[in-house]
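Working notes, structure below.
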Amino acid sequence: MVAPARLAWQTAVVEKVKVETPRVKSFTFRLPDWQPFRPGQHFDVRLTAPDGYQAQRSYSAASPPEDTGTVELTVELMPGGEVSPYFHDIVAPGDSVELRGPIGGPFTWTSAVGGPLLLVGGGSGIVPLMSMLRHRRRTGSNVPASLLYSARSWDEVIYRDELVEYAMNDRSFHFLLTLTRQQPPGWKGPARRIDPEIIGTAVGGIGTPAHAYVCGSEGFVETAASLLVESGVPPDVVRTERFGPTGT
Ligand SMILES: Cc1cc2nc3c(=O)[nH]c(=O)nc-3n(C[C@H](O)[C@H](O)[C@H](O)COP(=O)(O)OP(=O)(O)OC[C@H]3O[C@@H](n4cnc5c(N)ncnc54)[C@H](O)[C@@H]3O)c2cc1C
């Protein structure tokens with residue numbers, strides 16, 4: 001059986017590498033057979049060692065589909081891991097990497113779907129939510145959107161400058177950041193893991209969401225999704241994506 005075109009492996013070329021935080025880098029790939037994708041979808045990456053051993057992992061698109069021909073993937077370093085250290089230590093502009101996608105269905109949002117839109121991300125769980133926000137910006141959407149982002153520290157906030165810029169210039173975007181481990185001097189925002197009060201503030205920024213997306217580690221997603229439902233968000237509007245270990 002022939003695999004559908006979107007699932008065929010392609011050889012993508014790394015155009016750009018950007019350091020986001022001390023543990024996170026973004027890689028812009030140019031794809032020979034780029035297909036339109038929906039924000040929230042992911043791509044699979046496959047590495048092959050000289051002896052033929054292969055490792056495969058999933059990474060969400062960080063870029064919006066408006067960036068035709070390329071996709072940006074954002075990779076958090078997992079020390080001791082098989083794939084993420086390779087990206088951090090080895091991959092450079094001009095390198096080729098095998099990629100396939102886009103993949104994934106329910107965890108997607110486009111401007112046409114509308115809002116209010118509630119996004120809840122923990123750590124690198126911000127990645128697919130950023131694709132949604134970038135798409136929202138690029139399509140000129142003013143759908144009310146609220147982002148609750150839980151990061152360990154100010155230095156570990158991925159896409160920090162861009163998010164701050166959105167928050168300052170977009171009156172229909174509400175941004176709530178909680179820094180769980182370390183806070184900069186004078187920090188006035190929440191400084192703890194998400195709880196009912198933090199969730200309540202995020203929901204209060206837009207009213208009851210018509211669409212809610214939660215992404216992060218297994219534990220983060222479980223907690224956040226439960227808190228959303230306890231706060232009155234209808235369970236059927238909550239979609240989740242877990243960044244647990246993947247691969248073959
Ligand atoms: C749909 C989907 C989308 C994803 N998108 C992204 C993304 O945009 N950015 C990103 O950085 N990652 C993302 N991931 C996670 C990614 O696929 C890998 O699991 C991660 O990069 C670790 O791979 P590794 O080969 O470096 O580590 P591995 O060799 O797989 O694992 C090394 C060690 O780390 C543990 N581990 C692996 N992954 C995680 C994790 N996510 N959290 C905690 N411990 C872990 C393993 O249990 C093991 O002990 C996504 C996962 C899924 C399922």
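Identifiers for the structure tokens are assigned positionally: chains receive A, B, ... in sequence, residues are indexed from 1 per chain, and ligands are indexed from 1 in the order shown.
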
Can you write out as a tab-separated table which residues of chain A fall within 7 Å of ligand 1, alongside each residue's closest atom pair and its distance in Å to one decimal, counting only C-alpha atoms and all ligand atoms and ordering rows by chain and ascending residue number?
residue	atom	partner	partner_atom_place_in_ligand_line	distance
A:His42	CA	ligand 1	3 (C)	5.8
A:Arg57	CA	ligand 1	17 (O)	4.3
A:Ser58	CA	ligand 1	17 (O)	4.0
A:Tyr59	CA	ligand 1	5 (N)	3.5
A:Ser60	CA	ligand 1	8 (O)	3.9
A:Ala61	CA	ligand 1	8 (O)	6.6
A:Leu73	CA	ligand 1	8 (O)	6.2
A:Thr74	CA	ligand 1	9 (N)	5.1
A:Val75	CA	ligand 1	11 (O)	3.6
A:Glu76	CA	ligand 1	11 (O)	3.7
A:Leu77	CA	ligand 1	26 (O)	6.4
A:Met78	CA	ligand 1	26 (O)	4.8
A:Pro79	CA	ligand 1	32 (C)	6.9
A:Gly80	CA	ligand 1	32 (C)	5.5
A:Gly81	CA	ligand 1	27 (O)	3.3
A:Glu82	CA	ligand 1	25 (O)	3.8
A:Val83	CA	ligand 1	25 (O)	3.6
A:Ser84	CA	ligand 1	26 (O)	3.6
A:Pro85	CA	ligand 1	26 (O)	5.9
A:Ser124	CA	ligand 1	9 (N)	5.5
A:Gly125	CA	ligand 1	8 (O)	6.8
A:Val127	CA	ligand 1	8 (O)	5.2
A:Pro128	CA	ligand 1	8 (O)	6.6
A:Ser217	CA	ligand 1	42 (N)	5.7
A:Glu241	CA	ligand 1	1 (C)	6.5
A:Arg242	CA	ligand 1	53 (C)	6.0
A:Phe243	CA	ligand 1	51 (C)	3.9
A:Gly244	CA	ligand 1	41 (N)	4.4
A:Pro245	CA	ligand 1	38 (N)	3.7
A:Thr246	CA	ligand 1	19 (O)	4.8
A:Gly247	CA	ligand 1	30 (O)	6.5

Within 9 Å of segment 162-168 of chain A, counting only C-alpha atoms, which residues show up once you throw out same-chain ones fewer than 5 positions away? Write them as an mmCIF file with C-alpha atoms, in the first residue's frame, please.
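The resulting out-v8.cif:
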data_model
loop_
_atom_site.group_PDB
_atom_site.id
_atom_site.type_symbol
_atom_site.label_atom_id
_atom_site.label_comp_id
_atom_site.auth_asym_id
_atom_site.auth_seq_id
_atom_site.Cartn_x
_atom_site.Cartn_y
_atom_site.Cartn_z
ATOM 1 C CA MET A 130 2.323 29.568 19.439
ATOM 2 C CA ARG A 137 -1.934 37.335 14.100
ATOM 3 C CA PHE A 173 -5.148 38.993 23.620
ATOM 4 C CA HIS A 174 -4.841 38.258 27.337
ATOM 5 C CA PHE A 175 -1.508 36.840 28.545
#

Worksheet item: Which residues, written as a count of residues only, have at least one atom at most 7 Å from segment 15-20 of chain A, with only C-alpha atoms counted and residues fewer than 6 positions away on the same chain left out?
Response: 10

Item to complete: Tell me which of A:Leu117, A:Val13, A:Val214, A:Leu129 sits closest to Thr240 of chain A, counting only C-alpha atoms.
Response: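 The answer is A:Val214, which sits nearest to Thr240 of chain A.
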
Worksheet item: Rounded to one decimal in Å, what is the spacing between atom CA of Leu31 of chain A and atom CA of Val14 of chain A?
Response: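 Interatomic distance here is 9.2 Å.
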
Practice prompt. Find the distance between atom CA of Pro32 of chain A and atom CA of Leu133 of chain A and write it in Å to one decimal.
Written response: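 Computing the Euclidean distance for atom CA of Pro32 of chain A and atom CA of Leu133 of chain A yields 25.6 Å.
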
Discussion item. As JSON, numbers by chain, please: the residues near Thr208 of chain A (cut-off 12 Å, only C-alpha atoms, same-chain neighbours under 2 positions excluded).
Written reply: {"A": [115, 116, 117, 118, 144, 145, 146, 199, 200, 201, 202, 203, 204, 205, 206, 210, 211, 212, 228, 229, 231, 232, 233, 234, 235, 237, 238]}

Practice prompt. With a distance cut-off of 10 Å and only C-alpha atoms, select the neighbouring residues of Thr68 of chain A, excluding the residue or stretch itself and same-chain residues fewer than 4 positions from it, and output the selection as a ChimeraX atom specification.
Written response: /A:30-31,34-37,63-64

Given the selection you just returned, output its residues as a file containing C-alpha atoms, formatted as a PDB file, in the first residue's frame.
ATOM      1  CA  ARG A  30      12.543  23.976   4.096  1.00  0.00           C
ATOM      2  CA  LEU A  31      10.434  21.086   2.821  1.00  0.00           C
ATOM      3  CA  TRP A  34       5.370  21.386   1.749  1.00  0.00           C
ATOM      4  CA  GLN A  35       1.665  20.845   2.466  1.00  0.00           C
ATOM      5  CA  PRO A  36      -0.644  23.375   4.150  1.00  0.00           C
ATOM      6  CA  PHE A  37      -1.113  22.421   7.801  1.00  0.00           C
ATOM      7  CA  SER A  63       5.303  28.456  12.771  1.00  0.00           C
ATOM      8  CA  PRO A  64       1.959  29.371  11.203  1.00  0.00           C
TER       9      PRO A  64
END

Item to complete: Measure the distance from atom CA of Gln41 of chain A to atom CA of Gly216 of chain A in Å and round it to one decimal.
Response: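 Taking atom CA of Gln41 of chain A as the start and atom CA of Gly216 of chain A as the end point, the length is 14.3 Å.
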
Worksheet item: So which bits of segment 75-187 of chain A end up alpha helix (DSSP H) when you DSSP the backbone, as a list in words?
Response: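 After running DSSP on the backbone, segment 75-187 of chain A has alpha helix (DSSP H) at Ser84, Pro85, Tyr86, Phe87, His88, Asp89, Ile126, Val127, Pro128, Leu129, Met130, Ser131, Met132, Leu133, Arg134, His135, Arg136, Arg137, Arg138, Arg160, Asp161, Glu162, Leu163, Val164, Glu165, Tyr166, Ala167, Met168 and Asn169 of chain A.
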
Mind dumping the selected residues with N, CA and C atoms as a PDB file, in the first residue's frame?
ATOM      1  N   SER A  84      16.650  14.821  20.980  1.00  0.00           N
ATOM      2  CA  SER A  84      16.757  16.271  21.248  1.00  0.00           C
ATOM      3  C   SER A  84      18.216  16.714  21.451  1.00  0.00           C
ATOM      4  N   PRO A  85      19.106  15.929  22.082  1.00  0.00           N
ATOM      5  CA  PRO A  85      20.504  16.381  22.169  1.00  0.00           C
ATOM      6  C   PRO A  85      21.170  16.459  20.795  1.00  0.00           C
ATOM      7  N   TYR A  86      20.754  15.583  19.867  1.00  0.00           N
ATOM      8  CA  TYR A  86      21.318  15.640  18.513  1.00  0.00           C
ATOM      9  C   TYR A  86      20.974  16.986  17.876  1.00  0.00           C
ATOM     10  N   PHE A  87      19.714  17.394  18.057  1.00  0.00           N
ATOM     11  CA  PHE A  87      19.322  18.697  17.501  1.00  0.00           C
ATOM     12  C   PHE A  87      20.124  19.816  18.154  1.00  0.00           C
ATOM     13  N   HIS A  88      20.263  19.749  19.455  1.00  0.00           N
ATOM     14  CA  HIS A  88      20.933  20.853  20.152  1.00  0.00           C
ATOM     15  C   HIS A  88      22.425  20.917  19.874  1.00  0.00           C
ATOM     16  N   ASP A  89      23.066  19.745  19.775  1.00  0.00           N
ATOM     17  CA  ASP A  89      24.533  19.730  19.699  1.00  0.00           C
ATOM     18  C   ASP A  89      25.057  19.657  18.269  1.00  0.00           C
ATOM     19  N   ILE A 126       4.008  25.135  25.004  1.00  0.00           N
ATOM     20  CA  ILE A 126       3.647  26.390  24.337  1.00  0.00           C
ATOM     21  C   ILE A 126       3.757  26.257  22.811  1.00  0.00           C
ATOM     22  N   VAL A 127       4.527  25.299  22.318  1.00  0.00           N
ATOM     23  CA  VAL A 127       4.882  25.284  20.887  1.00  0.00           C
ATOM     24  C   VAL A 127       3.652  25.275  19.947  1.00  0.00           C
ATOM     25  N   PRO A 128       2.744  24.286  20.065  1.00  0.00           N
ATOM     26  CA  PRO A 128       1.607  24.311  19.124  1.00  0.00           C
ATOM     27  C   PRO A 128       0.678  25.500  19.365  1.00  0.00           C
ATOM     28  N   LEU A 129       0.647  25.984  20.614  1.00  0.00           N
ATOM     29  CA  LEU A 129      -0.201  27.138  20.930  1.00  0.00           C
ATOM     30  C   LEU A 129       0.355  28.389  20.249  1.00  0.00           C
ATOM     31  N   MET A 130       1.695  28.431  20.113  1.00  0.00           N
ATOM     32  CA  MET A 130       2.323  29.568  19.439  1.00  0.00           C
ATOM     33  C   MET A 130       1.984  29.559  17.958  1.00  0.00           C
ATOM     34  N   SER A 131       1.912  28.373  17.359  1.00  0.00           N
ATOM     35  CA  SER A 131       1.504  28.290  15.955  1.00  0.00           C
ATOM     36  C   SER A 131       0.100  28.871  15.803  1.00  0.00           C
ATOM     37  N   MET A 132      -0.778  28.558  16.763  1.00  0.00           N
ATOM     38  CA  MET A 132      -2.144  29.095  16.717  1.00  0.00           C
ATOM     39  C   MET A 132      -2.128  30.616  16.851  1.00  0.00           C
ATOM     40  N   LEU A 133      -1.333  31.135  17.789  1.00  0.00           N
ATOM     41  CA  LEU A 133      -1.295  32.588  18.004  1.00  0.00           C
ATOM     42  C   LEU A 133      -0.667  33.310  16.815  1.00  0.00           C
ATOM     43  N   ARG A 134       0.371  32.722  16.243  1.00  0.00           N
ATOM     44  CA  ARG A 134       1.006  33.350  15.073  1.00  0.00           C
ATOM     45  C   ARG A 134       0.032  33.365  13.888  1.00  0.00           C
ATOM     46  N   HIS A 135      -0.696  32.258  13.740  1.00  0.00           N
ATOM     47  CA  HIS A 135      -1.709  32.191  12.675  1.00  0.00           C
ATOM     48  C   HIS A 135      -2.805  33.236  12.922  1.00  0.00           C
ATOM     49  N   ARG A 136      -3.218  33.353  14.174  1.00  0.00           N
ATOM     50  CA  ARG A 136      -4.245  34.350  14.521  1.00  0.00           C
ATOM     51  C   ARG A 136      -3.764  35.742  14.142  1.00  0.00           C
ATOM     52  N   ARG A 137      -2.509  36.025  14.440  1.00  0.00           N
ATOM     53  CA  ARG A 137      -1.934  37.335  14.100  1.00  0.00           C
ATOM     54  C   ARG A 137      -1.851  37.531  12.588  1.00  0.00           C
ATOM     55  N   ARG A 138      -1.342  36.509  11.916  1.00  0.00           N
ATOM     56  CA  ARG A 138      -1.097  36.645  10.472  1.00  0.00           C
ATOM     57  C   ARG A 138      -2.397  36.752   9.677  1.00  0.00           C
ATOM     58  N   ARG A 160       9.513  34.578  24.352  1.00  0.00           N
ATOM     59  CA  ARG A 160       9.152  35.596  25.341  1.00  0.00           C
ATOM     60  C   ARG A 160       8.895  36.976  24.715  1.00  0.00           C
ATOM     61  N   ASP A 161       9.846  37.436  23.890  1.00  0.00           N
ATOM     62  CA  ASP A 161       9.699  38.789  23.344  1.00  0.00           C
ATOM     63  C   ASP A 161       8.453  38.906  22.466  1.00  0.00           C
ATOM     64  N   GLU A 162       8.217  37.864  21.697  1.00  0.00           N
ATOM     65  CA  GLU A 162       7.059  37.886  20.795  1.00  0.00           C
ATOM     66  C   GLU A 162       5.755  37.894  21.594  1.00  0.00           C
ATOM     67  N   LEU A 163       5.698  37.104  22.645  1.00  0.00           N
ATOM     68  CA  LEU A 163       4.485  37.056  23.463  1.00  0.00           C
ATOM     69  C   LEU A 163       4.247  38.385  24.177  1.00  0.00           C
ATOM     70  N   VAL A 164       5.326  38.977  24.667  1.00  0.00           N
ATOM     71  CA  VAL A 164       5.189  40.274  25.344  1.00  0.00           C
ATOM     72  C   VAL A 164       4.691  41.319  24.344  1.00  0.00           C
ATOM     73  N   GLU A 165       5.222  41.253  23.135  1.00  0.00           N
ATOM     74  CA  GLU A 165       4.789  42.208  22.100  1.00  0.00           C
ATOM     75  C   GLU A 165       3.300  42.019  21.777  1.00  0.00           C
ATOM     76  N   TYR A 166       2.865  40.780  21.656  1.00  0.00           N
ATOM     77  CA  TYR A 166       1.437  40.519  21.406  1.00  0.00           C
ATOM     78  C   TYR A 166       0.605  41.127  22.538  1.00  0.00           C
ATOM     79  N   ALA A 167       1.053  40.863  23.769  1.00  0.00           N
ATOM     80  CA  ALA A 167       0.273  41.313  24.932  1.00  0.00           C
ATOM     81  C   ALA A 167       0.169  42.833  24.969  1.00  0.00           C
ATOM     82  N   MET A 168       1.238  43.510  24.531  1.00  0.00           N
ATOM     83  CA  MET A 168       1.242  44.975  24.597  1.00  0.00           C
ATOM     84  C   MET A 168       0.415  45.614  23.488  1.00  0.00           C
ATOM     85  N   ASN A 169       0.353  44.956  22.329  1.00  0.00           N
ATOM     86  CA  ASN A 169      -0.251  45.607  21.165  1.00  0.00           C
ATOM     87  C   ASN A 169      -1.587  45.034  20.712  1.00  0.00           C
TER      88      ASN A 169
END
